[in-house]
Amino acid sequence: MPRSPSDSVHDVAVVGGGPAGLAAASAAAAAGCRVVLLDAGAAPGGQFWRQSSDADAHRDGLPRDRTYARLCTAVRSVVTYHPRRTVWTIVVAAGGFTLHTTGAGGEGVFRVAAVVLATGAFDRQLPFPGWDLPGVFTAGGVQALLKEHGVVPGRRIVVAGTGPFLLPVAVGLVTAGAPPAGVFEANRPGRWPLELLSRPGMPSLRHMHTDGDARDLAGCVAARAAEAARYVGTLARHGVRVRARHAVIAAHGTDRVRAVTVARLGEQWTVVPGSARTVECDTVAVGWGFTPQVELATGLGAATRLDADGSLVVTVDRRQRTSVPGVFTAGEINGVGGAELGVVEGEIAGRAAAAELGRAVSWPDALLRRRYALLTFARAVHRVYPVRNGWRNWLRPDTVVCRCEEVTAAEAAAAVDELGARDERSVKLLTRTGMGWCQGRMCGFAVGRLVADGAPGNPRSVAERPLATPVRLGELANGPGPAAAAPGSADDPAEPGQKEAG
Amino acid sequence: MTATFDFDGRPVPFRAGQSIGAALIAAGVLSWRSTRVRGRPRGVFCGIGVCFDCLIIVDGRPNVRACLEPAKERLDVRRQDGSGHAEITV
Amino acid sequence: MTTSSPADVIVIGAGVVGAACAWQLARLGLAVTVVDRGPIAGGTTGAGEGNLLVSDKLPGPELELAKLSLRHWQRIGETLPDIEYDRKGGVVVADSERALAGLTRTAAAQRDAGVRAEPLTADELAGHEPHLAPDLTGGVYYPDDAQVQPMLAAARLIAAAAELGARTRPGLEVTGLLRSGDRVTGVRTRIGDLPSGAVVNAAGTWAGEVADMAAVPLPIEPRRGFVLVTEPLPRVVRHKVYAADYVAGVETDDATLQTSPVVEGTAAGPVLIGSSRERVGYDRTISVQVLRRLAAHAIRLFPVLAGVAAIRAYRGFRPYSPDHLPVIGPDPRAPGLLHACGHEGAGIGLAAGTGRLIAQSVTDAEPDLDLRPFRPDRFG
């Protein structure tokens, strides 16, 4: 029998089933906590270890990730797992926290003593003319279509934006038999070893710096360099060249994308005169880094900071503790750093949550050193792949900036120039940017940069989303009731020890 | 026999576990929504449930995220215009 | 500050009340400077629904101010573009014979005070609002209730004042008041002293702190309210619709949670759902209990909303005054200081009239209304 997606029998709730969440859940459970894992996804893995929905379709030939396999096993055996369950808010309750969730089984409420938030990130976007045409996808969207659904979304696909994530997307397309028609990286990735050497320190973590860290860092750099080289090599073998300092600055078409304008960029991403050319294509995969999902943490009042990439992230200490006692965060929510860092932070956060609840935990030195190395590397990556201000010149007055409410660049500019808006919250209240279905997740970064004249702006002012996901009013009014999930539905929780069907 | 759902009167095949949005894209359908203000065509953008651009009507329920909603046999899937709630306009 | 000449009037607060004051003062040819420690309309105004209501006011000074204000909002709506001024009308509903009897008595008294209030039978309700629950007992239609988009209204008023020479300094906090004997002669800021002939305290929920700088106590407190916002919808609610017990909730002195159903559509699509009132200081945490009640209330009035998603919720803090009347006019305890604050949840609606009365006070003109009920020194 399925049980109600509600309970108060767990000690720790982990939100998010990606690398950091799986690691946190596994670590807390290993330390003796009763753990519930609430995952918006359909299966453990998150965006990174996106499970193929087709059980026998590991066509990429890569060995199944060993860490992933280990964590999945742990989660299946010792953690209560709820797939397709989204937390819409968390409130501080007597002696702990109440998590309010929604999903196919209806409203569900979980009461726990400690919370680990590992809510991950989504592709950061910049508006450009035509970016709202069908056929323009986020890079992560194309990756999801490829890896989870086995769908190649077009025949002539252009990959563009900035960041190391563009490479695996391009390679994924090659592997799927659709080599990209072009890969355009707005920055100069060749510079990252220099960045790492020139500014190595992370002041907030300097106290952990030892020779061991340096060796960890070297290992990390070597592994990443080898991975990047593998990607570039694969692309080259299929005749795909990665063009640095180039960007898609416009997409063209009426009912769908038919072509893009690609241009060479100057130092601040201004278009080099005469460099613009048209590339015919039917699909664009574009991404400009990632935006962490912080709203559950900000809703709890957790302190935040601006990360090196301009993202609002949750501030944590060496034990992944936020400024709110009992609330821990791990993974991209603390700053975009990749799956490996997520696993390390998750293991620390899970241990820290268990320690908070009085469980005995060990703190392996290697784990803390590894985090330091990975954080140092992540910071270097952010410095290599910044978003420069020149993109604002790609906009036309009629370019839609907020996709949901269809607010144009001209309207956003008028709020600043004519109505005195000086921050993104004012632009939002005057023009409705960020007030639609996505609640500013797609336009927030860009609107902040537009209003603050290229400076980071005040992302916290629009990052508070008391409803982290839409909730039907009828569900909200009725509150938690008996589960409506039918027996055998995909939303049955997998109890500890329960073997997953199939 | 290939499993299908119904999209605006025509069968769309899907593979087990695929989302409605993925199945539509595989079938060559890129857009199934028109926006409220400018009537512009939209389909999947973020593909992971964040952007809400791929909203679609499933068995009479408007504003379902096609990128997340699992495709199932015999679903009645229809394109969505505007808010998707035209029937309750006063 | 050495770079500019002294202002005739400094307005503290760039919310809708301060904006209306600045615009009215600038229209009289006065040199006005608006200062605000935050952005334009960053406080209560930015969290407001923009109601311009007479329906929720009992006969008395607040209703007279509301009527004056409505007339001025209509003029502003005709003068300034794009503030989404809409004479949508209000419908107040009752769900019992007892509630209807009370509502009918209120409406009769309001009619005697010059407010248009048309009784509606249960059957007539459906003609005004087709989606209303069929089991409601009856209601009253108030054709004069109107709405503006509050942020746009404040920003446009400030922009219009600027065209008449007014200056605005967002992000500039007033840290003290300049005094000459008892007299208030300007404000102190981090960029220096700004002298002025008069200072208007339009600081919303922080008005008490500004008054403290002049050592003239003013018991203004924040009163928290939540609003639920639905997904974008076509027009499903035509008017501002609320339950007869809403007025009781506004009028109570109880600090604990009061909720009362208020539902209205917006030009942009979403339906806004209120209302809640509780005095909990500036506690910004979400209250799931309040959100659940708001949702249940809204569905009680409009069952069709049960299947609609809430996509956003926000909270704001109304400037509450103990006797539910705003504080408007010169402070006899501190000559040169005027107050325009304490409007609670009616600040958008009452702003236009307040601005007019402040401009009249500053210029020693005969005010349109008797200011005695609003005087600053009336509190114990």
# chains A, B, ... in the order shown; residues from 1 in each chain; ligands from 1
>>> residues_around(residues="B:Ala26", least_positions_apart="5", cutoff="9 Å", atoms="only C-alpha atoms", output="list in words")
Gly150, Val151, Val152, Pro153 and Gly154 of chain A; Pro13, Phe14 and Gly21 of chain B
>>> select_by_dssp(residues="stretch 193-291 of chain C", states="helix (DSSP H, G or I)", output="PyMOL selection string")
chain C and resi 204-213+246-251+288-291
>>> atom_distance(atom1="atom CA of C:Leu25", atom2="atom CA of C:Gly60")
26.5 Å
>>> interface_residues(of="chain B", to="chain A", cutoff="10 Å", atoms="only C-alpha atoms", output="PyMOL selection string")
chain B and resi 14-19+21-33+35-38+40-55+63+67-68+70
>>> residues_around(residues="C:Leu68", least_positions_apart="5", cutoff="12 Å", atoms="only C-alpha atoms", output="PyMOL selection string")
chain C and resi 52-54+61-63+73-75+114-115+349-357+367-370
>>> closest_residue(among="B:Ile56, B:Ser34, B:Gly39, B:Lys72", to="B:Pro11", atoms="only C-alpha atoms")
B:Lys72
>>> closest_atom_pairs(of="chain C", to="chain A", cutoff="7 Å", atoms="only C-alpha atoms", output="JSON lines")
{"residue": "C:Pro39", "atom": "CA", "partner": "A:Arg422", "partner_atom": "CA", "distance": 6.8}
{"residue": "C:Gly46", "atom": "CA", "partner": "A:Leu429", "partner_atom": "CA", "distance": 6.8}
{"residue": "C:Met151", "atom": "CA", "partner": "A:Leu430", "partner_atom": "CA", "distance": 5.9}
{"residue": "C:Leu152", "atom": "CA", "partner": "A:Leu430", "partner_atom": "CA", "distance": 5.8}
{"residue": "C:Ala155", "atom": "CA", "partner": "A:Leu419", "partner_atom": "CA", "distance": 5.4}
{"residue": "C:Arg156", "atom": "CA", "partner": "A:Leu419", "partner_atom": "CA", "distance": 6.6}
{"residue": "C:Ala159", "atom": "CA", "partner": "A:Leu419", "partner_atom": "CA", "distance": 6.3}
{"residue": "C:Glu231", "atom": "CA", "partner": "A:Trp437", "partner_atom": "CA", "distance": 6.7}
{"residue": "C:Thr285", "atom": "CA", "partner": "A:Gly299", "partner_atom": "CA", "distance": 7.0}
{"residue": "C:Ile286", "atom": "CA", "partner": "A:Pro466", "partner_atom": "CA", "distance": 6.4}
{"residue": "C:Arg292", "atom": "CA", "partner": "A:Ala477", "partner_atom": "CA", "distance": 4.7}
{"residue": "C:Arg293", "atom": "CA", "partner": "A:Ala477", "partner_atom": "CA", "distance": 6.5}
{"residue": "C:Ala295", "atom": "CA", "partner": "A:Ala477", "partner_atom": "CA", "distance": 5.0}
{"residue": "C:Ala296", "atom": "CA", "partner": "A:Ala477", "partner_atom": "CA", "distance": 4.5}
{"residue": "C:Leu305", "atom": "CA", "partner": "A:Leu473", "partner_atom": "CA", "distance": 6.7}
{"residue": "C:Ala306", "atom": "CA", "partner": "A:Gly474", "partner_atom": "CA", "distance": 4.1}
{"residue": "C:Gly307", "atom": "CA", "partner": "A:Arg472", "partner_atom": "CA", "distance": 6.0}
{"residue": "C:Val308", "atom": "CA", "partner": "A:Arg472", "partner_atom": "CA", "distance": 5.5}
{"residue": "C:Ala309", "atom": "CA", "partner": "A:Arg472", "partner_atom": "CA", "distance": 3.9}
{"residue": "C:Ala310", "atom": "CA", "partner": "A:Val471", "partner_atom": "CA", "distance": 5.4}
{"residue": "C:Ile311", "atom": "CA", "partner": "A:Pro470", "partner_atom": "CA", "distance": 4.4}
{"residue": "C:Arg312", "atom": "CA", "partner": "A:Leu467", "partner_atom": "CA", "distance": 5.6}
{"residue": "C:Ala313", "atom": "CA", "partner": "A:Pro466", "partner_atom": "CA", "distance": 5.8}
{"residue": "C:Tyr314", "atom": "CA", "partner": "A:Pro466", "partner_atom": "CA", "distance": 6.9}
>>> residues_around(residues="stretch 158-166 of chain A", least_positions_apart="3", cutoff="7 Å", atoms="only C-alpha atoms", output="list in words")
Ala139, Val169, Ala170, Pro180, Ala181, Gly182, Val183, Phe184, Glu185, Ala186, Asn187, Ala247, Val248, Cys281, Thr283, Val284, Ala285, Val286, Gly287, Trp288, Gly289 and Tyr385 of chain A
>>> write_last_selection(atoms="N, CA and C atoms", output="tab-separated table (two decimals), in the first residue's frame")
chain	number	residue	atom	x	y	z
A	139	ALA	N	21.13	24.88	-23.24
A	139	ALA	CA	22.07	23.77	-23.45
A	139	ALA	C	21.65	22.57	-22.59
A	169	VAL	N	27.78	18.81	-24.04
A	169	VAL	CA	26.55	18.88	-24.85
A	169	VAL	C	26.90	18.63	-26.32
A	170	ALA	N	27.96	19.28	-26.79
A	170	ALA	CA	28.37	19.10	-28.19
A	170	ALA	C	28.78	17.65	-28.45
A	180	PRO	N	27.37	18.93	-34.15
A	180	PRO	CA	26.89	20.31	-34.22
A	180	PRO	C	27.41	21.03	-35.45
A	181	ALA	N	26.57	21.95	-35.96
A	181	ALA	CA	26.97	22.77	-37.10
A	181	ALA	C	27.96	23.84	-36.67
A	182	GLY	N	28.12	24.00	-35.37
A	182	GLY	CA	29.10	24.96	-34.86
A	182	GLY	C	29.04	24.97	-33.35
A	183	VAL	N	30.20	25.19	-32.72
A	183	VAL	CA	30.25	25.35	-31.27
A	183	VAL	C	30.94	26.69	-31.01
A	184	PHE	N	30.22	27.61	-30.36
A	184	PHE	CA	30.73	28.97	-30.19
A	184	PHE	C	30.83	29.31	-28.71
A	185	GLU	N	32.07	29.48	-28.28
A	185	GLU	CA	32.36	29.78	-26.86
A	185	GLU	C	32.78	31.25	-26.79
A	186	ALA	N	32.03	32.02	-25.98
A	186	ALA	CA	32.25	33.47	-25.97
A	186	ALA	C	33.56	33.86	-25.29
A	187	ASN	N	34.07	32.99	-24.42
A	187	ASN	CA	35.32	33.30	-23.72
A	187	ASN	C	36.50	32.58	-24.36
A	247	ALA	N	30.05	34.22	-30.59
A	247	ALA	CA	28.74	34.02	-29.95
A	247	ALA	C	27.63	34.10	-30.98
A	248	VAL	N	26.54	33.43	-30.65
A	248	VAL	CA	25.29	33.63	-31.39
A	248	VAL	C	24.66	34.90	-30.83
A	281	CYS	N	20.63	26.92	-39.48
A	281	CYS	CA	20.48	25.86	-38.51
A	281	CYS	C	19.00	25.69	-38.20
A	283	THR	N	18.28	24.33	-34.94
A	283	THR	CA	18.26	24.20	-33.49
A	283	THR	C	19.43	24.97	-32.90
A	284	VAL	N	19.19	25.59	-31.76
A	284	VAL	CA	20.26	26.27	-31.03
A	284	VAL	C	20.24	25.76	-29.59
A	285	ALA	N	21.41	25.42	-29.08
A	285	ALA	CA	21.55	25.05	-27.66
A	285	ALA	C	22.43	26.10	-27.02
A	286	VAL	N	21.87	26.87	-26.09
A	286	VAL	CA	22.61	28.01	-25.58
A	286	VAL	C	22.58	28.05	-24.05
A	287	GLY	N	23.72	28.39	-23.47
A	287	GLY	CA	23.80	28.51	-22.02
A	287	GLY	C	24.96	29.40	-21.63
A	288	TRP	N	24.79	30.13	-20.54
A	288	TRP	CA	25.80	31.09	-20.09
A	288	TRP	C	26.18	30.81	-18.65
A	289	GLY	N	26.47	29.57	-18.35
A	289	GLY	CA	26.72	29.19	-16.97
A	289	GLY	C	25.41	28.72	-16.34
A	385	TYR	N	35.26	31.94	-17.42
A	385	TYR	CA	34.01	32.02	-18.18
A	385	TYR	C	33.08	33.10	-17.63
>>> select_by_dssp(residues="chain B", states="strand (DSSP E or B)", output="list in words")
Thr4, Phe5, Asp6, Phe7, Arg10, Pro11, Val12, Pro13, Ser19, Arg33, Ser34, Pro41, Arg42, Leu55, Ile56, Ile57, Val58, Arg61, Pro62, Asn63, Val64, Arg65, Pro70, Asp76, Val77, Arg78, Gln80 and Asp81 of chain B
>>> closest_atom_pairs(of="chain B", to="chain C", cutoff="7 Å", atoms="only C-alpha atoms", output="JSON lines")
{"residue": "B:Ser83", "atom": "CA", "partner": "C:Leu233", "partner_atom": "CA", "distance": 5.6}
{"residue": "B:His85", "atom": "CA", "partner": "C:Leu233", "partner_atom": "CA", "distance": 6.4}
{"residue": "B:Ala86", "atom": "CA", "partner": "C:Pro234", "partner_atom": "CA", "distance": 6.5}
{"residue": "B:Ile88", "atom": "CA", "partner": "C:Val236", "partner_atom": "CA", "distance": 6.3}
{"residue": "B:Thr89", "atom": "CA", "partner": "C:Val236", "partner_atom": "CA", "distance": 5.2}
{"residue": "B:Val90", "atom": "CA", "partner": "C:Val236", "partner_atom": "CA", "distance": 5.4}
>>> residues_around(residues="C:Ala153", least_positions_apart="4", cutoff="12 Å", atoms="only C-alpha atoms", output="MDAnalysis selection string")
(chainID A and resid 419 429:430) or (chainID C and resid 14:20 23 40:41 45:46 48:52 73 76:77 79:85 147:149 157:160 348:349 351:352)
>>> residues_around(residues="B:Glu73", least_positions_apart="4", cutoff="7 Å", atoms="only C-alpha atoms", output="list in words")
Ala3, Thr4 and Phe5 of chain B
>>> residues_around(residues="C:Gly138", least_positions_apart="3", cutoff="12 Å", atoms="only C-alpha atoms", output="NGL selection string")
:C and (91-104 or 118-129 or 132-135 or 141 or 243-244)
>>> write_last_selection(atoms="C-alpha atoms", output="PDB file, in the first residue's frame")
ATOM      1  CA  VAL C  91     -18.837  44.009  -4.985  1.00  0.00           C
ATOM      2  CA  VAL C  92     -19.225  43.159  -1.311  1.00  0.00           C
ATOM      3  CA  VAL C  93     -20.914  39.832  -0.628  1.00  0.00           C
ATOM      4  CA  ALA C  94     -22.614  38.261   2.370  1.00  0.00           C
ATOM      5  CA  ASP C  95     -22.953  34.553   3.039  1.00  0.00           C
ATOM      6  CA  SER C  96     -25.678  34.704   5.665  1.00  0.00           C
ATOM      7  CA  GLU C  97     -28.852  36.666   6.319  1.00  0.00           C
ATOM      8  CA  ARG C  98     -27.186  38.188   9.356  1.00  0.00           C
ATOM      9  CA  ALA C  99     -24.147  39.329   7.396  1.00  0.00           C
ATOM     10  CA  LEU C 100     -26.400  40.703   4.658  1.00  0.00           C
ATOM     11  CA  ALA C 101     -28.441  42.688   7.178  1.00  0.00           C
ATOM     12  CA  GLY C 102     -25.256  44.267   8.551  1.00  0.00           C
ATOM     13  CA  LEU C 103     -23.962  44.983   5.060  1.00  0.00           C
ATOM     14  CA  THR C 104     -27.284  46.536   4.060  1.00  0.00           C
ATOM     15  CA  GLU C 118     -26.551  49.407  -4.915  1.00  0.00           C
ATOM     16  CA  PRO C 119     -28.041  46.396  -3.120  1.00  0.00           C
ATOM     17  CA  LEU C 120     -27.783  43.117  -5.017  1.00  0.00           C
ATOM     18  CA  THR C 121     -29.959  40.068  -4.511  1.00  0.00           C
ATOM     19  CA  ALA C 122     -28.426  36.627  -4.600  1.00  0.00           C
ATOM     20  CA  ASP C 123     -29.605  36.309  -8.212  1.00  0.00           C
ATOM     21  CA  GLU C 124     -28.195  39.676  -9.199  1.00  0.00           C
ATOM     22  CA  LEU C 125     -24.742  38.724  -7.878  1.00  0.00           C
ATOM     23  CA  ALA C 126     -24.289  36.299 -10.733  1.00  0.00           C
ATOM     24  CA  GLY C 127     -24.938  39.070 -13.233  1.00  0.00           C
ATOM     25  CA  HIS C 128     -22.059  41.058 -11.792  1.00  0.00           C
ATOM     26  CA  GLU C 129     -19.733  38.136 -11.064  1.00  0.00           C
ATOM     27  CA  LEU C 132     -19.371  33.706  -7.519  1.00  0.00           C
ATOM     28  CA  ALA C 133     -20.490  30.785  -5.346  1.00  0.00           C
ATOM     29  CA  PRO C 134     -24.217  30.231  -5.954  1.00  0.00           C
ATOM     30  CA  ASP C 135     -25.114  29.975  -2.260  1.00  0.00           C
ATOM     31  CA  TYR C 141     -22.316  46.949  -5.637  1.00  0.00           C
ATOM     32  CA  ALA C 243     -16.788  39.499   2.053  1.00  0.00           C
ATOM     33  CA  ALA C 244     -18.798  41.666   4.371  1.00  0.00           C
TER      34      ALA C 244
END
